[in-house]
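*Asks:* Here you go, this is target_23.cif (mmCIF, C-alpha atoms).
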data_work
loop_
_atom_site.group_PDB
_atom_site.id
_atom_site.type_symbol
_atom_site.label_atom_id
_atom_site.label_comp_id
_atom_site.auth_asym_id
_atom_site.auth_seq_id
_atom_site.Cartn_x
_atom_site.Cartn_y
_atom_site.Cartn_z
ATOM 1 C CA MET A 1 -52.631 4.637 157.775
ATOM 2 C CA LEU A 2 -54.397 7.968 157.389
ATOM 3 C CA LYS A 3 -58.024 8.145 158.478
ATOM 4 C CA GLY A 4 -60.438 10.905 159.328
ATOM 5 C CA GLY A 5 -59.233 13.570 156.886
ATOM 6 C CA LEU A 6 -60.729 14.666 153.599
ATOM 7 C CA PHE A 7 -59.651 12.348 150.812
ATOM 8 C CA PRO A 8 -57.918 15.062 148.699
ATOM 9 C CA ASP A 9 -56.022 16.252 151.788
ATOM 10 C CA VAL A 10 -54.814 12.733 152.548
ATOM 11 C CA ILE A 11 -53.643 12.222 148.961
ATOM 12 C CA LYS A 12 -51.877 15.591 149.070
ATOM 13 C CA GLU A 13 -50.084 14.577 152.282
ATOM 14 C CA VAL A 14 -48.921 11.281 150.759
ATOM 15 C CA HIS A 15 -47.696 13.116 147.659
ATOM 16 C CA GLN A 16 -45.791 15.625 149.767
ATOM 17 C CA PHE A 17 -44.131 12.793 151.692
ATOM 18 C CA LEU A 18 -42.876 11.295 148.425
ATOM 19 C CA CYS A 19 -41.591 14.691 147.337
ATOM 20 C CA ASP A 20 -39.718 15.089 150.625
ATOM 21 C CA TYR A 21 -38.411 11.499 150.607
ATOM 22 C CA PRO A 22 -38.117 10.489 146.931
ATOM 23 C CA ARG A 23 -36.300 7.203 147.661
ATOM 24 C CA GLU A 24 -39.179 5.832 149.753
ATOM 25 C CA PHE A 25 -41.777 3.419 148.367
ATOM 26 C CA ILE A 26 -45.402 3.598 149.510
ATOM 27 C CA ILE A 27 -48.230 1.094 149.254
ATOM 28 C CA LEU A 28 -51.425 3.144 149.329
ATOM 29 C CA GLU A 29 -54.613 1.168 149.916
ATOM 30 C CA VAL A 30 -57.922 2.930 149.318
ATOM 31 C CA ILE A 31 -60.826 1.273 151.115
ATOM 32 C CA TYR A 32 -64.549 1.852 150.622
ATOM 33 C CA ASP A 33 -66.892 1.570 153.600
ATOM 34 C CA PRO A 34 -70.489 1.331 152.330
ATOM 35 C CA ASN A 35 -71.777 1.552 155.913
ATOM 36 C CA LYS A 36 -70.571 5.154 156.172
ATOM 37 C CA HIS A 37 -71.530 6.580 152.793
ATOM 38 C CA GLU A 38 -72.623 5.706 149.283
ATOM 39 C CA MET A 39 -70.476 6.748 146.327
ATOM 40 C CA SER A 40 -71.996 7.841 143.069
ATOM 41 C CA SER A 41 -70.380 6.813 139.794
ATOM 42 C CA GLU A 42 -69.128 10.381 139.362
ATOM 43 C CA GLN A 43 -67.454 10.318 142.804
ATOM 44 C CA ARG A 44 -65.794 6.985 142.034
ATOM 45 C CA LEU A 45 -64.418 8.344 138.785
ATOM 46 C CA ARG A 46 -63.119 11.477 140.540
ATOM 47 C CA VAL A 47 -61.278 9.323 143.091
ATOM 48 C CA LEU A 48 -59.523 7.407 140.311
ATOM 49 C CA GLN A 49 -58.710 10.582 138.372
ATOM 50 C CA LEU A 50 -57.301 12.260 141.472
ATOM 51 C CA LEU A 51 -55.050 9.291 142.222
ATOM 52 C CA SER A 52 -53.698 8.938 138.681
ATOM 53 C CA SER A 53 -53.129 12.691 138.230
ATOM 54 C CA THR A 54 -51.380 13.167 141.594
ATOM 55 C CA PHE A 55 -48.711 10.474 141.424
ATOM 56 C CA ASP A 56 -46.258 10.484 138.521
ATOM 57 C CA GLU A 57 -44.339 7.329 139.449
ATOM 58 C CA MET A 58 -47.131 4.812 140.035
ATOM 59 C CA VAL A 59 -46.721 1.113 139.342
ATOM 60 C CA THR A 60 -48.785 0.663 136.169
ATOM 61 C CA GLN A 61 -50.532 -2.363 134.720
ATOM 62 C CA GLU A 62 -47.782 -2.500 132.114
ATOM 63 C CA ASP A 63 -45.241 -2.783 134.945
ATOM 64 C CA VAL A 64 -47.260 -5.588 136.535
ATOM 65 C CA ASN A 65 -47.354 -7.453 133.233
ATOM 66 C CA SER A 66 -43.589 -7.183 132.764
ATOM 67 C CA TRP A 67 -41.203 -6.773 135.727
ATOM 68 C CA PHE A 68 -43.234 -6.040 138.904
ATOM 69 C CA ASN A 69 -43.214 -9.537 140.417
ATOM 70 C CA LEU A 70 -43.445 -9.833 144.187
ATOM 71 C CA LYS A 71 -41.495 -13.096 144.315
ATOM 72 C CA ASN A 72 -38.237 -11.415 143.311
ATOM 73 C CA LEU A 73 -38.928 -7.677 143.531
ATOM 74 C CA THR A 74 -36.284 -5.516 145.268
ATOM 75 C CA LEU A 75 -36.240 -1.913 146.422
ATOM 76 C CA GLY A 76 -33.229 -1.390 144.191
ATOM 77 C CA GLU A 77 -35.266 -2.394 141.162
ATOM 78 C CA LEU A 78 -38.059 -0.004 142.154
ATOM 79 C CA GLU A 79 -35.569 2.832 142.448
ATOM 80 C CA LYS A 80 -33.976 1.945 139.121
ATOM 81 C CA LYS A 81 -37.388 1.930 137.409
ATOM 82 C CA LYS A 82 -38.277 5.234 139.154
ATOM 83 C CA LYS A 83 -41.400 3.864 140.814
ATOM 84 C CA ASN A 84 -42.359 5.033 144.291
ATOM 85 C CA ILE A 85 -46.002 4.097 144.875
ATOM 86 C CA LEU A 86 -48.293 1.121 144.398
ATOM 87 C CA VAL A 87 -51.950 2.166 144.582
ATOM 88 C CA LEU A 88 -54.336 -0.583 145.660
ATOM 89 C CA ILE A 89 -58.058 -0.051 145.540
ATOM 90 C CA ASP A 90 -61.059 -1.803 147.017
ATOM 91 C CA ASP A 91 -62.909 -3.601 144.229
ATOM 92 C CA ARG A 92 -66.164 -2.190 145.620
ATOM 93 C CA ILE A 93 -65.036 1.205 144.282
ATOM 94 C CA CYS A 94 -64.639 -0.252 140.794
ATOM 95 C CA ASN A 95 -67.159 -2.052 138.595
ATOM 96 C CA PHE A 96 -69.332 0.949 137.779
ATOM 97 C CA SER A 97 -70.440 2.757 134.646
ATOM 98 C CA HIS A 98 -70.380 6.481 133.952
ATOM 99 C CA GLU A 99 -71.777 8.215 130.890
ATOM 100 C CA GLY A 100 -71.855 4.962 128.964
ATOM 101 C CA THR A 101 -68.336 3.795 129.880
ATOM 102 C CA GLN A 102 -67.851 0.670 131.990
ATOM 103 C CA TYR A 103 -65.054 0.809 134.578
ATOM 104 C CA ASP A 104 -64.216 -2.731 135.621
ATOM 105 C CA LEU A 105 -61.052 -3.808 137.468
ATOM 106 C CA ALA A 106 -59.052 -4.328 134.286
ATOM 107 C CA THR A 107 -59.994 -0.902 132.940
ATOM 108 C CA VAL A 108 -59.187 0.819 136.231
ATOM 109 C CA ALA A 109 -55.766 -0.859 136.390
ATOM 110 C CA ARG A 110 -54.955 -0.065 132.777
ATOM 111 C CA GLU A 111 -56.182 3.547 132.636
ATOM 112 C CA PHE A 112 -55.572 4.774 136.202
ATOM 113 C CA GLY A 113 -52.794 2.551 137.587
ATOM 114 C CA CYS A 114 -55.001 1.463 140.500
ATOM 115 C CA HIS A 115 -54.916 -2.281 141.204
ATOM 116 C CA LYS A 116 -57.253 -4.597 143.066
ATOM 117 C CA ASN A 117 -56.005 -4.758 146.657
ATOM 118 C CA GLY A 118 -56.614 -8.486 147.039
ATOM 119 C CA ASN A 119 -54.231 -9.233 144.174
ATOM 120 C CA PHE A 120 -51.247 -7.739 146.013
ATOM 121 C CA LEU A 121 -51.938 -7.416 149.732
ATOM 122 C CA LYS A 122 -53.283 -9.601 152.519
ATOM 123 C CA ASN A 123 -54.472 -7.887 155.689
ATOM 124 C CA LYS A 124 -55.953 -9.004 158.946
ATOM 125 C CA TRP A 125 -57.483 -6.683 161.496
ATOM 126 C CA HIS A 126 -57.036 -8.461 164.830
ATOM 127 C CA ASN A 127 -59.584 -6.328 166.724
ATOM 128 C CA THR A 128 -58.224 -6.731 170.254
ATOM 129 C CA ALA A 129 -57.089 -4.540 173.110
ATOM 130 C CA ASN A 130 -55.009 -7.341 174.636
ATOM 131 C CA ALA A 131 -51.309 -7.330 173.748
ATOM 132 C CA GLN A 132 -50.738 -11.086 174.075
ATOM 133 C CA THR A 133 -53.811 -11.868 171.990
ATOM 134 C CA LEU A 134 -52.547 -9.450 169.334
ATOM 135 C CA LEU A 135 -49.133 -11.143 169.224
ATOM 136 C CA ARG A 136 -50.578 -14.665 169.006
ATOM 137 C CA SER A 137 -53.016 -13.620 166.305
ATOM 138 C CA ASN A 138 -50.194 -12.119 164.220
ATOM 139 C CA GLU A 139 -48.182 -15.310 164.589
ATOM 140 C CA THR A 140 -51.131 -17.392 163.385
ATOM 141 C CA PHE A 141 -51.673 -14.963 160.501
ATOM 142 C CA LEU A 142 -48.098 -15.388 159.271
ATOM 143 C CA GLU A 143 -48.083 -19.156 159.749
ATOM 144 C CA GLY A 144 -51.193 -19.436 157.591
ATOM 145 C CA ALA A 145 -49.497 -17.611 154.726
ATOM 146 C CA CYS A 146 -45.914 -18.801 155.130
ATOM 147 C CA ASN A 147 -45.677 -20.264 151.621
ATOM 148 C CA ASN A 148 -47.485 -17.463 149.770
ATOM 149 C CA CYS A 149 -44.909 -15.262 148.068
ATOM 150 C CA ASP A 150 -47.404 -13.710 145.660
ATOM 151 C CA LEU A 151 -48.795 -11.195 148.171
ATOM 152 C CA PHE A 152 -47.535 -8.523 150.512
ATOM 153 C CA MET A 153 -48.385 -9.639 154.051
ATOM 154 C CA ASN A 154 -49.443 -6.774 156.336
ATOM 155 C CA SER A 155 -48.815 -7.657 159.998
ATOM 156 C CA GLN A 156 -50.857 -5.198 162.040
ATOM 157 C CA PHE A 157 -49.603 -4.485 165.559
ATOM 158 C CA VAL A 158 -52.379 -2.029 166.348
ATOM 159 C CA MET A 159 -54.417 -2.137 169.537
ATOM 160 C CA THR A 160 -58.151 -1.621 169.081
ATOM 161 C CA PRO A 161 -60.285 -0.021 171.821
ATOM 162 C CA GLN A 162 -63.147 -2.293 172.847
ATOM 163 C CA PRO A 163 -66.602 -1.235 174.120
ATOM 164 C CA PRO A 164 -67.315 -1.919 177.809
ATOM 165 C CA GLY A 165 -68.204 -5.554 178.330
ATOM 166 C CA GLY A 166 -69.925 -5.165 181.654
ATOM 167 C CA VAL A 167 -70.390 -3.118 184.798
ATOM 168 C CA SER A 168 -66.783 -3.560 185.914
ATOM 169 C CA ASP A 169 -65.525 -2.164 182.594
ATOM 170 C CA VAL A 170 -67.843 0.833 182.866
ATOM 171 C CA LEU A 171 -66.687 1.547 186.409
ATOM 172 C CA GLY A 172 -63.064 1.192 185.350
ATOM 173 C CA LEU A 173 -63.552 3.791 182.624
ATOM 174 C CA LEU A 174 -65.426 6.155 184.943
ATOM 175 C CA PHE A 175 -62.816 6.056 187.704
ATOM 176 C CA GLY A 176 -59.709 5.997 185.522
ATOM 177 C CA GLY A 177 -58.773 2.353 185.953
ATOM 178 C CA LYS A 178 -59.189 1.772 182.237
ATOM 179 C CA SER A 179 -58.891 3.949 179.159
ATOM 180 C CA LEU A 180 -59.938 3.811 175.515
ATOM 181 C CA ARG A 181 -57.160 6.184 174.446
ATOM 182 C CA PRO A 182 -54.822 4.481 171.936
ATOM 183 C CA VAL A 183 -51.704 5.603 173.804
ATOM 184 C CA SER A 184 -53.032 4.017 177.012
ATOM 185 C CA LEU A 185 -53.722 0.724 175.258
ATOM 186 C CA ALA A 186 -50.264 0.827 173.689
ATOM 187 C CA ARG A 187 -48.506 0.804 177.063
ATOM 188 C CA GLU A 188 -49.131 -2.919 177.410
ATOM 189 C CA LEU A 189 -47.683 -3.658 173.961
ATOM 190 C CA TYR A 190 -44.749 -1.239 174.129
ATOM 191 C CA ARG A 191 -43.614 -1.904 177.667
ATOM 192 C CA LYS A 192 -40.022 -3.109 177.827
ATOM 193 C CA ASP A 193 -39.212 -5.777 175.255
ATOM 194 C CA VAL A 194 -42.713 -7.252 174.792
ATOM 195 C CA LEU A 195 -43.060 -6.409 171.102
ATOM 196 C CA GLU A 196 -39.319 -6.490 170.426
ATOM 197 C CA THR A 197 -38.868 -9.974 171.888
ATOM 198 C CA PHE A 198 -41.815 -11.349 169.945
ATOM 199 C CA ILE A 199 -40.623 -10.026 166.582
ATOM 200 C CA ARG A 200 -36.977 -10.939 167.211
ATOM 201 C CA ASP A 201 -37.797 -14.493 168.279
ATOM 202 C CA ASN A 202 -40.018 -14.898 165.204
ATOM 203 C CA ALA A 203 -37.694 -13.071 162.821
ATOM 204 C CA ASP A 204 -37.339 -16.067 160.502
ATOM 205 C CA ASN A 205 -41.044 -15.838 159.733
ATOM 206 C CA ARG A 206 -42.031 -14.005 156.583
ATOM 207 C CA TRP A 207 -42.258 -10.479 157.996
ATOM 208 C CA ASN A 208 -43.167 -8.280 155.078
ATOM 209 C CA ILE A 209 -45.104 -5.152 156.021
ATOM 210 C CA VAL A 210 -45.243 -4.346 159.739
ATOM 211 C CA LEU A 211 -47.834 -1.803 160.831
ATOM 212 C CA LEU A 212 -47.076 -0.008 164.126
ATOM 213 C CA ASP A 213 -48.883 2.808 165.914
ATOM 214 C CA PHE A 214 -46.025 4.471 167.792
ATOM 215 C CA LEU A 215 -42.718 4.281 165.924
ATOM 216 C CA ASP A 216 -41.082 6.734 168.312
ATOM 217 C CA LEU A 217 -41.483 4.184 171.123
ATOM 218 C CA CYS A 218 -39.429 1.497 169.353
ATOM 219 C CA PRO A 219 -36.774 3.068 167.075
ATOM 220 C CA GLN A 220 -34.365 0.157 167.564
ATOM 221 C CA LEU A 221 -37.044 -2.332 166.526
ATOM 222 C CA VAL A 222 -37.616 -0.383 163.302
ATOM 223 C CA ARG A 223 -33.880 -0.549 162.541
ATOM 224 C CA PHE A 224 -33.913 -4.282 163.262
ATOM 225 C CA LEU A 225 -36.783 -4.881 160.827
ATOM 226 C CA ILE A 226 -34.955 -2.936 158.126
ATOM 227 C CA GLY A 227 -31.714 -4.747 158.895
ATOM 228 C CA LEU A 228 -33.374 -8.135 158.362
ATOM 229 C CA ASN A 229 -33.390 -7.331 154.646
ATOM 230 C CA SER A 230 -29.610 -7.030 154.422
ATOM 231 C CA PRO A 231 -27.969 -9.424 151.942
ATOM 232 C CA LYS A 232 -24.708 -9.376 153.934
ATOM 233 C CA HIS A 233 -24.019 -12.304 156.251
ATOM 234 C CA LEU A 234 -22.933 -11.577 159.804
ATOM 235 C CA LYS A 235 -20.093 -13.722 161.154
ATOM 236 C CA ILE A 236 -19.383 -13.804 164.886
ATOM 237 C CA GLU A 237 -15.923 -15.294 165.213
ATOM 238 C CA GLN A 238 -15.577 -14.820 168.959
ATOM 239 C CA ALA A 239 -17.716 -13.536 171.848
ATOM 240 C CA SER A 240 -16.866 -13.335 175.539
ATOM 241 C CA VAL A 241 -18.225 -11.679 178.674
ATOM 242 C CA THR A 242 -16.175 -10.142 181.456
ATOM 243 C CA SER A 243 -17.078 -8.281 184.617
ATOM 244 C CA LYS A 244 -17.410 -4.526 184.378
ATOM 245 C CA ASP A 245 -13.830 -3.883 185.465
ATOM 246 C CA GLY A 246 -12.655 -6.267 182.763
ATOM 247 C CA GLY A 247 -10.826 -8.509 185.175
ATOM 248 C CA LEU A 248 -12.976 -11.615 185.467
ATOM 249 C CA LEU A 249 -13.546 -13.834 182.452
ATOM 250 C CA VAL A 250 -16.997 -15.283 182.939
ATOM 251 C CA MET A 251 -17.403 -17.421 179.876
ATOM 252 C CA ASP A 252 -17.090 -17.783 176.164
ATOM 253 C CA VAL A 253 -20.524 -17.053 174.665
ATOM 254 C CA THR A 254 -19.679 -17.435 170.983
ATOM 255 C CA GLU A 255 -22.077 -20.321 170.429
ATOM 256 C CA THR A 256 -24.901 -18.567 172.275
ATOM 257 C CA ILE A 257 -24.376 -15.337 170.327
ATOM 258 C CA ASN A 258 -24.436 -17.174 167.008
ATOM 259 C CA GLN A 259 -27.700 -18.841 167.979
ATOM 260 C CA LEU A 260 -29.148 -15.368 168.581
ATOM 261 C CA LYS A 261 -28.387 -14.181 165.041
ATOM 262 C CA ARG A 262 -31.487 -13.675 162.935
ATOM 263 C CA ARG A 263 -31.586 -14.455 159.202
ATOM 264 C CA ASN A 264 -27.819 -14.737 159.508
ATOM 265 C CA CYS A 265 -27.508 -10.959 159.202
ATOM 266 C CA CYS A 266 -28.655 -9.345 162.493
ATOM 267 C CA LEU A 267 -27.878 -9.602 166.192
ATOM 268 C CA TYR A 268 -30.435 -8.029 168.539
ATOM 269 C CA LEU A 269 -29.795 -8.323 172.298
ATOM 270 C CA LEU A 270 -32.675 -7.202 174.517
ATOM 271 C CA ASP A 271 -31.687 -8.560 177.919
ATOM 272 C CA PHE A 272 -28.005 -9.459 178.183
ATOM 273 C CA LYS A 273 -28.395 -11.645 181.244
ATOM 274 C CA ASP A 274 -31.258 -13.722 179.832
ATOM 275 C CA ASP A 275 -30.126 -13.729 176.217
ATOM 276 C CA LEU A 276 -26.547 -14.769 176.968
ATOM 277 C CA LYS A 277 -27.568 -17.093 179.826
ATOM 278 C CA ILE A 278 -25.102 -15.541 182.262
ATOM 279 C CA SER A 279 -25.302 -14.630 185.947
ATOM 280 C CA LEU A 280 -24.030 -11.052 185.603
ATOM 281 C CA ASN A 281 -26.419 -8.107 185.655
ATOM 282 C CA GLU A 282 -23.727 -5.848 184.256
ATOM 283 C CA GLY A 283 -20.440 -6.363 182.474
ATOM 284 C CA ILE A 284 -18.717 -6.082 179.111
ATOM 285 C CA LEU A 285 -19.451 -8.101 175.988
ATOM 286 C CA ARG A 286 -16.555 -8.358 173.541
ATOM 287 C CA LEU A 287 -17.265 -9.390 169.960
ATOM 288 C CA LYS A 288 -15.103 -10.153 166.974
ATOM 289 C CA ALA A 289 -17.550 -9.740 164.099
ATOM 290 C CA GLN A 290 -17.541 -9.382 160.325
ATOM 291 C CA PHE A 291 -20.043 -8.733 157.525
ATOM 292 C CA ASP A 292 -19.182 -10.940 154.532
ATOM 293 C CA ASP A 293 -15.576 -10.191 153.535
ATOM 294 C CA GLU A 294 -15.424 -6.743 155.114
ATOM 295 C CA GLU A 295 -12.869 -5.796 157.751
ATOM 296 C CA THR A 296 -13.252 -7.596 161.073
ATOM 297 C CA MET A 297 -14.691 -5.429 163.875
ATOM 298 C CA ASP A 298 -13.511 -5.659 167.469
ATOM 299 C CA LEU A 299 -16.481 -4.478 169.503
ATOM 300 C CA GLU A 300 -16.698 -3.756 173.220
ATOM 301 C CA ILE A 301 -20.218 -3.327 174.590
ATOM 302 C CA PRO A 302 -20.684 -2.342 178.254
ATOM 303 C CA PHE A 303 -24.074 -3.497 179.506
ATOM 304 C CA ASP A 304 -26.406 -3.452 182.482
ATOM 305 C CA HIS A 305 -30.003 -4.601 182.982
ATOM 306 C CA ASP A 306 -31.373 -1.773 180.760
ATOM 307 C CA THR A 307 -28.964 -2.177 177.815
ATOM 308 C CA GLU A 308 -30.203 -3.150 174.353
ATOM 309 C CA TYR A 309 -27.821 -3.720 171.470
ATOM 310 C CA LEU A 310 -28.359 -4.101 167.737
ATOM 311 C CA LEU A 311 -25.715 -5.151 165.222
ATOM 312 C CA CYS A 312 -26.807 -5.069 161.585
ATOM 313 C CA ASP A 313 -25.678 -3.677 158.254
ATOM 314 C CA LEU A 314 -27.300 -0.226 158.294
#
Show how you would write the structure in this file as structure tokens.

*Replies:*
Amino acid sequence: MLKGGLFPDVIKEVHQFLCDYPREFIILEVIYDPNKHEMSSEQRLRVLQLLSSTFDEMVTQEDVNSWFNLKNLTLGELEKKKKNILVLIDDRICNFSHEGTQYDLATVAREFGCHKNGNFLKNKWHNTANAQTLLRSNETFLEGACNNCDLFMNSQFVMTPQPPGGVSDVLGLLFGGKSLRPVSLARELYRKDVLETFIRDNADNRWNIVLLDFLDLCPQLVRFLIGLNSPKHLKIEQASVTSKDGGLLVMDVTETINQLKRRNCCLYLLDFKDDLKISLNEGILRLKAQFDDEETMDLEIPFDHDTEYLLCDL
């Protein structure tokens, strides 16, 4: 999400990213805000021309008519077809005429490779500065679209600063008790395990696109989201916990560990004591695990109250 810059500069930055990381795939959505400015027909045409001339590996209308089907599309297929960007455009930018030529949605898709955003992507801006409200709203958003495989679902985990609602809010801002800075709002969402627990415990939902503000604050969560796409099944044959010195067998936790697997391909432990339902604050978890028919792994994971652990095929 790039806002605030000049449009050509933003497009140049996206293009440079694809040059630096040619195996990535980007969904670029171009939105028109009529409350901020009015676009002439010439400006609209220049936007479309800039987009189509900048990106060489756009998903075209011909692709959409043949193989680009969201129900069974894979990243491997995109790489094989040498496509790295899907450009979606607000229909308010289209449907104009210039020098006698009419540019409707079909023409724009066919000639410029820019597709109506509502045909491919569903968004919801949750407009809240409260972390729990944001999580609940995202859950409701996914539940409402659980059976729709024809669209990319964009789950936005972005906190939105709110204007002061009263005298107490104003005083809080004046004296430092509250802040409108995005990083300050994010503390509530990114404090230990709040976001991670929510996404892990709802991992069987149809997570598709996940929009986050501060990726550097949750690198393990990003790996977990990527790992959920693995086609390899994770088998946990045996799991046990011992005390830190390895001398005391506490319990067999194989059943509990298997219940914690997500999509049958990932294991993400955020709080060993709570997740494994044990009384130890620190100890050693021993796993005998296997991905599909690969070699069995004997894993030994020391843990304490701060330890997080992710096992996935990455």

*Asks:* Can you tell me how far atom CA of Phe303 of chain A sits from atom CA of Val250 of chain A, in Å to one decimal?

*Replies:* 14.2 Å

*Asks:* Do you know which residues the PyMOL selection byres ((chain A and resi 12-24) around 12) returns on this file, as a ChimeraX atom specification?

*Replies:* /A:1-3,5-11,25-29,50-58,75-87

*Asks:* Would you save the residues from that selection as an mmCIF file, in the frame of the given file, using C-alpha atoms?

*Replies:*
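Output file result-v6.cif is given in full below:
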data_model
loop_
_atom_site.group_PDB
_atom_site.id
_atom_site.type_symbol
_atom_site.label_atom_id
_atom_site.label_comp_id
_atom_site.auth_asym_id
_atom_site.auth_seq_id
_atom_site.Cartn_x
_atom_site.Cartn_y
_atom_site.Cartn_z
ATOM 1 C CA MET A 1 -52.631 4.637 157.775
ATOM 2 C CA LEU A 2 -54.397 7.968 157.389
ATOM 3 C CA LYS A 3 -58.024 8.145 158.478
ATOM 4 C CA GLY A 5 -59.233 13.570 156.886
ATOM 5 C CA LEU A 6 -60.729 14.666 153.599
ATOM 6 C CA PHE A 7 -59.651 12.348 150.812
ATOM 7 C CA PRO A 8 -57.918 15.062 148.699
ATOM 8 C CA ASP A 9 -56.022 16.252 151.788
ATOM 9 C CA VAL A 10 -54.814 12.733 152.548
ATOM 10 C CA ILE A 11 -53.643 12.222 148.961
ATOM 11 C CA PHE A 25 -41.777 3.419 148.367
ATOM 12 C CA ILE A 26 -45.402 3.598 149.510
ATOM 13 C CA ILE A 27 -48.230 1.094 149.254
ATOM 14 C CA LEU A 28 -51.425 3.144 149.329
ATOM 15 C CA GLU A 29 -54.613 1.168 149.916
ATOM 16 C CA LEU A 50 -57.301 12.260 141.472
ATOM 17 C CA LEU A 51 -55.050 9.291 142.222
ATOM 18 C CA SER A 52 -53.698 8.938 138.681
ATOM 19 C CA SER A 53 -53.129 12.691 138.230
ATOM 20 C CA THR A 54 -51.380 13.167 141.594
ATOM 21 C CA PHE A 55 -48.711 10.474 141.424
ATOM 22 C CA ASP A 56 -46.258 10.484 138.521
ATOM 23 C CA GLU A 57 -44.339 7.329 139.449
ATOM 24 C CA MET A 58 -47.131 4.812 140.035
ATOM 25 C CA LEU A 75 -36.240 -1.913 146.422
ATOM 26 C CA GLY A 76 -33.229 -1.390 144.191
ATOM 27 C CA GLU A 77 -35.266 -2.394 141.162
ATOM 28 C CA LEU A 78 -38.059 -0.004 142.154
ATOM 29 C CA GLU A 79 -35.569 2.832 142.448
ATOM 30 C CA LYS A 80 -33.976 1.945 139.121
ATOM 31 C CA LYS A 81 -37.388 1.930 137.409
ATOM 32 C CA LYS A 82 -38.277 5.234 139.154
ATOM 33 C CA LYS A 83 -41.400 3.864 140.814
ATOM 34 C CA ASN A 84 -42.359 5.033 144.291
ATOM 35 C CA ILE A 85 -46.002 4.097 144.875
ATOM 36 C CA LEU A 86 -48.293 1.121 144.398
ATOM 37 C CA VAL A 87 -51.950 2.166 144.582
#

*Asks:* Excluding segment 259-271 of chain A and any residue of its chain fewer than 6 positions from it, enumerate the residues within 8 Å of it, using only C-alpha atoms, and give them as a list in words.

*Replies:* Asp193, Glu196, Thr197, Arg200, Ala203, Asp204, Phe224, Gly227, Leu228, Ser230, Pro231, Lys232, His233, Leu234, Lys235, Phe291, His305, Asp306, Thr307, Glu308, Tyr309, Leu310, Leu311, Cys312 and Asp313 of chain A

*Asks:* Adding 8 Å on each side of the box along x, y and z that holds all listed atoms of segment 277-282 of chain A, could you give its centre and edge lengths in Å to one decimal, as lines of an AutoDock Vina configuration file?

*Replies:*
center_x = -25.6
center_y = -11.5
center_z = 182.9
size_x = 19.8
size_y = 27.2
size_z = 22.1

*Asks:* Just to confirm, what's the straight-line distance from atom CA of Asp91 of chain A to atom CA of Arg44 of chain A in Å (one decimal)?

*Replies:*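 Distance between the two atoms: 11.2 Å.
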
*Asks:* If I take atom CA of Asn72 of chain A and atom CA of Val59 of chain A, how far is one from the other in Å, to one decimal?

*Replies:* 15.6 Å

*Asks:* Write out as a PDB file with C-alpha atoms, in the frame of the given file each polymer residue whose atoms come within 10 Å of Glu111 of chain A, counting only C-alpha atoms; drop sequence neighbours fewer than 5 positions from it.

*Replies:*
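result.pdb, written as the output of this step:
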ATOM      1  CA  LEU A  48     -59.523   7.407 140.311  1.00  0.00           C
ATOM      2  CA  GLN A  49     -58.710  10.582 138.372  1.00  0.00           C
ATOM      3  CA  SER A  52     -53.698   8.938 138.681  1.00  0.00           C
ATOM      4  CA  THR A  60     -48.785   0.663 136.169  1.00  0.00           C
ATOM      5  CA  GLN A  61     -50.532  -2.363 134.720  1.00  0.00           C
ATOM      6  CA  TYR A 103     -65.054   0.809 134.578  1.00  0.00           C
ATOM      7  CA  ALA A 106     -59.052  -4.328 134.286  1.00  0.00           C
TER       8      ALA A 106
END

*Asks:* Starting from the PyMOL selection byres ((chain A and resi 251) around 7), expand the selection into actual residues of this file and give them as a PyMOL selection string.

*Replies:* chain A and resi 240-241+249-250+252-253

*Asks:* List the spatial neighbours of Asn69 of chain A as a PyMOL selection string - criterion: any atom at most 10 Å away, only C-alpha atoms, same-chain residues fewer than 3 positions off excluded.

*Replies:* chain A and resi 63-66+72-74+120+149-151

*Asks:* Neighbours of Val210 of chain A within 9 Å (only C-alpha atoms; same-chain residues fewer than 6 positions away dropped), as a ChimeraX atom specification?

*Replies:* /A:153-157,225

*Asks:* List the residues selected by the PyMOL selection byres ((chain A and resi 281) around 9) in the file shown, writing them as an MDAnalysis selection string.

*Replies:* chainID A and resid 272:273 278:280 282:283 303:305

*Asks:* Find the residues near Cys218 of chain A: any atom within 10 Å, counting all atoms listed in the file, skip ones fewer than 3 places away on the same chain, and give them as a ChimeraX atom specification.

*Replies:* /A:190-193,195-196,212,214-215,221-223

*Asks:* Have a look at A:Glu62, A:Phe68, A:Leu189, A:Ser97 and name the one nearest to Leu217 of chain A; count only C-alpha atoms.

*Replies:*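 Selected residue with least distance to Leu217 of chain A: A:Leu189.
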
*Asks:* Of the candidates A:Ile209, A:Leu185, A:Ala109, A:Met39, which one gets nearest to Asn123 of chain A if we count all atoms listed in the file?

*Replies:*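 That would be A:Ile209, the residue with the smallest distance to Asn123 of chain A.
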